[in-house]
file my_file.pdb (PDB, C-alpha atoms)
MODEL        1
ATOM      1  CA  MET T   1      31.651  49.556-109.202
ATOM      2  CA  SER T   2      32.084  48.936-105.480
ATOM      3  CA  GLY T   3      35.877  48.951-105.891
ATOM      4  CA  ASN T   4      35.649  52.398-107.456
ATOM      5  CA  GLY T   5      33.783  53.703-104.386
ATOM      6  CA  ALA T   6      36.661  52.641-102.137
ATOM      7  CA  VAL T   7      39.103  54.644-104.237
ATOM      8  CA  TRP T   8      36.933  57.745-104.063
ATOM      9  CA  GLY T   9      36.578  57.301-100.299
ATOM     10  CA  ARG T  10      40.365  57.400 -99.892
ATOM     11  CA  VAL T  11      40.625  60.415-102.187
ATOM     12  CA  ARG T  12      37.919  62.291-100.258
ATOM     13  CA  GLY T  13      39.671  61.497 -96.977
ATOM     14  CA  ARG T  14      42.944  62.945 -98.253
ATOM     15  CA  LEU T  15      41.240  66.047 -99.615
ATOM     16  CA  ARG T  16      39.502  66.685 -96.291
ATOM     17  CA  ALA T  17      42.816  66.450 -94.417
ATOM     18  CA  PHE T  18      44.702  68.658 -96.895
ATOM     19  CA  PRO T  19      43.838  72.139 -95.465
ATOM     20  CA  GLU T  20      44.838  71.070 -91.955
ATOM     21  CA  ARG T  21      48.100  69.592 -93.181
ATOM     22  CA  LEU T  22      48.954  72.730 -95.173
ATOM     23  CA  ALA T  23      48.243  74.860 -92.107
ATOM     24  CA  ALA T  24      51.447  73.384 -90.689
ATOM     25  CA  CYS T  25      53.293  75.552 -93.246
ATOM     26  CA  ARG T  26      51.939  78.895 -92.058
ATOM     27  CA  ALA T  27      55.356  80.147 -90.877
ATOM     28  CA  GLU T  28      56.922  79.437 -94.278
ATOM     29  CA  ALA T  29      53.980  81.005 -96.099
ATOM     30  CA  ALA T  30      54.251  84.123 -93.945
ATOM     31  CA  ALA T  31      58.015  84.395 -94.524
ATOM     32  CA  TYR T  32      57.547  84.096 -98.296
ATOM     33  CA  GLY T  33      54.712  86.631 -98.250
ATOM     34  CA  ARG T  34      56.811  89.113 -96.267
ATOM     35  CA  CYS T  35      59.680  88.749 -98.740
ATOM     36  CA  VAL T  36      57.440  89.327-101.771
ATOM     37  CA  GLN T  37      55.652  92.222-100.075
ATOM     38  CA  ALA T  38      58.944  93.911 -99.154
ATOM     39  CA  SER T  39      60.170  93.456-102.712
ATOM     40  CA  THR T  40      57.089  95.061-104.222
ATOM     41  CA  ALA T  41      56.884  97.965-101.780
ATOM     42  CA  PRO T  42      57.427 101.434-103.240
ATOM     43  CA  GLY T  43      60.988 101.553-104.463
ATOM     44  CA  GLY T  44      61.363  97.772-104.268
ATOM     45  CA  ARG T  45      61.913  95.512-107.252
ATOM     46  CA  LEU T  46      60.762  91.930-107.404
ATOM     47  CA  THR T  47      63.287  90.019-109.462
ATOM     48  CA  LYS T  48      63.776  86.357-110.201
ATOM     49  CA  ASP T  49      65.306  84.384-107.326
ATOM     50  CA  LEU T  50      64.986  87.288-104.879
ATOM     51  CA  CYS T  51      62.806  85.225-102.522
ATOM     52  CA  VAL T  52      64.073  81.816-103.637
ATOM     53  CA  GLN T  53      65.147  80.737-100.152
ATOM     54  CA  GLU T  54      61.710  81.446 -98.683
ATOM     55  CA  PHE T  55      59.975  79.872-101.679
ATOM     56  CA  GLU T  56      62.028  76.667-101.451
ATOM     57  CA  ALA T  57      61.257  76.390 -97.731
ATOM     58  CA  LEU T  58      57.533  76.791 -98.470
ATOM     59  CA  ARG T  59      57.642  74.317-101.365
ATOM     60  CA  SER T  60      59.447  71.729 -99.253
ATOM     61  CA  CYS T  61      56.967  72.165 -96.439
ATOM     62  CA  PHE T  62      53.997  71.784 -98.817
ATOM     63  CA  ALA T  63      55.547  68.637-100.301
ATOM     64  CA  ALA T  64      56.092  67.144 -96.850
ATOM     65  CA  ALA T  65      52.585  68.085 -95.715
ATOM     66  CA  ALA T  66      51.006  66.589 -98.836
ATOM     67  CA  SER T  67      52.952  63.338 -98.523
ATOM     68  CA  PRO T  68      50.383  60.526 -98.441
ATOM     69  CA  GLY T  69      52.743  58.125 -96.653
ATOM     70  CA  ASP T  70      53.029  60.204 -93.498
ATOM     71  CA  ARG T  71      49.850  60.329 -91.421
ATOM     72  CA  MET T  72      51.348  62.459 -88.624
ATOM     73  CA  LYS T  73      50.619  66.156 -88.506
ATOM     74  CA  LEU T  74      53.754  67.717 -89.935
ATOM     75  CA  ARG T  75      55.312  70.899 -88.711
ATOM     76  CA  CYS T  76      57.893  72.567 -90.922
ATOM     77  CA  VAL T  77      60.295  74.975 -89.292
ATOM     78  CA  ILE T  78      62.866  77.328 -90.755
ATOM     79  CA  THR T  79      65.900  77.403 -88.530
ATOM     80  CA  GLY T  80      68.148  80.384 -88.863
ATOM     81  CA  GLY T  81      66.499  81.361 -92.136
ATOM     82  CA  LYS T  82      68.714  78.883 -94.016
ATOM     83  CA  ASN T  83      67.907  75.296 -93.133
ATOM     84  CA  LEU T  84      64.591  73.516 -93.373
ATOM     85  CA  SER T  85      63.776  70.771 -90.944
ATOM     86  CA  VAL T  86      60.604  68.714 -90.780
ATOM     87  CA  ARG T  87      59.467  67.632 -87.354
TER      88      ARG T  87
ENDMDL
END
call {"tool": "encode", "arguments": {"input": "my_file.pdb", "output": "structure tokens"}}
result
Amino acid sequence: MSGNGAVWGRVRGRLRAFPERLAACRAEAAAYGRCVQASTAPGGRLTKDLCVQEFEALRSCFAAAASPGDRMKLRCVITGGKNLSVR
């Protein structure tokens, strides 16, 4: 049973760090939110793939932030609205 406690300790540690790591993606989350909001404004139409660029940037940032192999605080940045770089 003691081995099982070690596993849960690692899991709890990762879960505690998760909100802070995802906070590194606030710029991507805001960009995606603005795109969806603009698309659903009066007269706007939200269609498939309309905000795909913003969504992919957010998804990539979340994946990088959730990566268990990287212990550094990650900061995802959209450069020029087209390329995603992880610093």
call {"tool": "resolve_selection", "arguments": {"input": "my_file.pdb", "expression": "the PyMOL selection byres ((chain T and resi 13-28) around 6)", "output": "PDB file with C-alpha atoms, in the frame of the given file"}}
result
ATOM      1  CA  ARG T  10      40.365  57.400 -99.892  1.00  0.00           C
ATOM      2  CA  VAL T  11      40.625  60.415-102.187  1.00  0.00           C
ATOM      3  CA  ARG T  12      37.919  62.291-100.258  1.00  0.00           C
ATOM      4  CA  ALA T  29      53.980  81.005 -96.099  1.00  0.00           C
ATOM      5  CA  ALA T  30      54.251  84.123 -93.945  1.00  0.00           C
ATOM      6  CA  ALA T  31      58.015  84.395 -94.524  1.00  0.00           C
ATOM      7  CA  LEU T  58      57.533  76.791 -98.470  1.00  0.00           C
ATOM      8  CA  CYS T  61      56.967  72.165 -96.439  1.00  0.00           C
ATOM      9  CA  ALA T  65      52.585  68.085 -95.715  1.00  0.00           C
ATOM     10  CA  ARG T  75      55.312  70.899 -88.711  1.00  0.00           C
ATOM     11  CA  CYS T  76      57.893  72.567 -90.922  1.00  0.00           C
TER      12      CYS T  76
END
call {"tool": "atom_distance", "arguments": {"input": "my_file.pdb", "atom1": "CA of Arg34 in chain T", "atom2": "CA of Phe62 in chain T"}}
result
17.7 Å
call {"tool": "axis_aligned_box", "arguments": {"input": "my_file.pdb", "around": "range 17-31 of chain T", "padding_each_side": "8 Å", "output": "lines of an AutoDock Vina configuration file"}}
result
center_x = 50.4
center_y = 75.4
center_z = -93.8
size_x = 31.2
size_y = 33.9
size_z = 22.2
call {"tool": "atom_distance", "arguments": {"input": "my_file.pdb", "atom1": "CA of Ala57 in chain T", "atom2": "CA of Thr40 in chain T"}}
result
20.2 Å
call {"tool": "atom_distance", "arguments": {"input": "my_file.pdb", "atom1": "CA of Arg59 in chain T", "atom2": "CA of Cys35 in chain T"}}
result
14.8 Å
call {"tool": "closest_residue", "arguments": {"input": "my_file.pdb", "among": "T:Ser60, T:Glu54, T:Ala66, T:Leu46", "to": "Gly33 in chain T", "atoms": "all atoms listed in the file"}}
result
T:Glu54
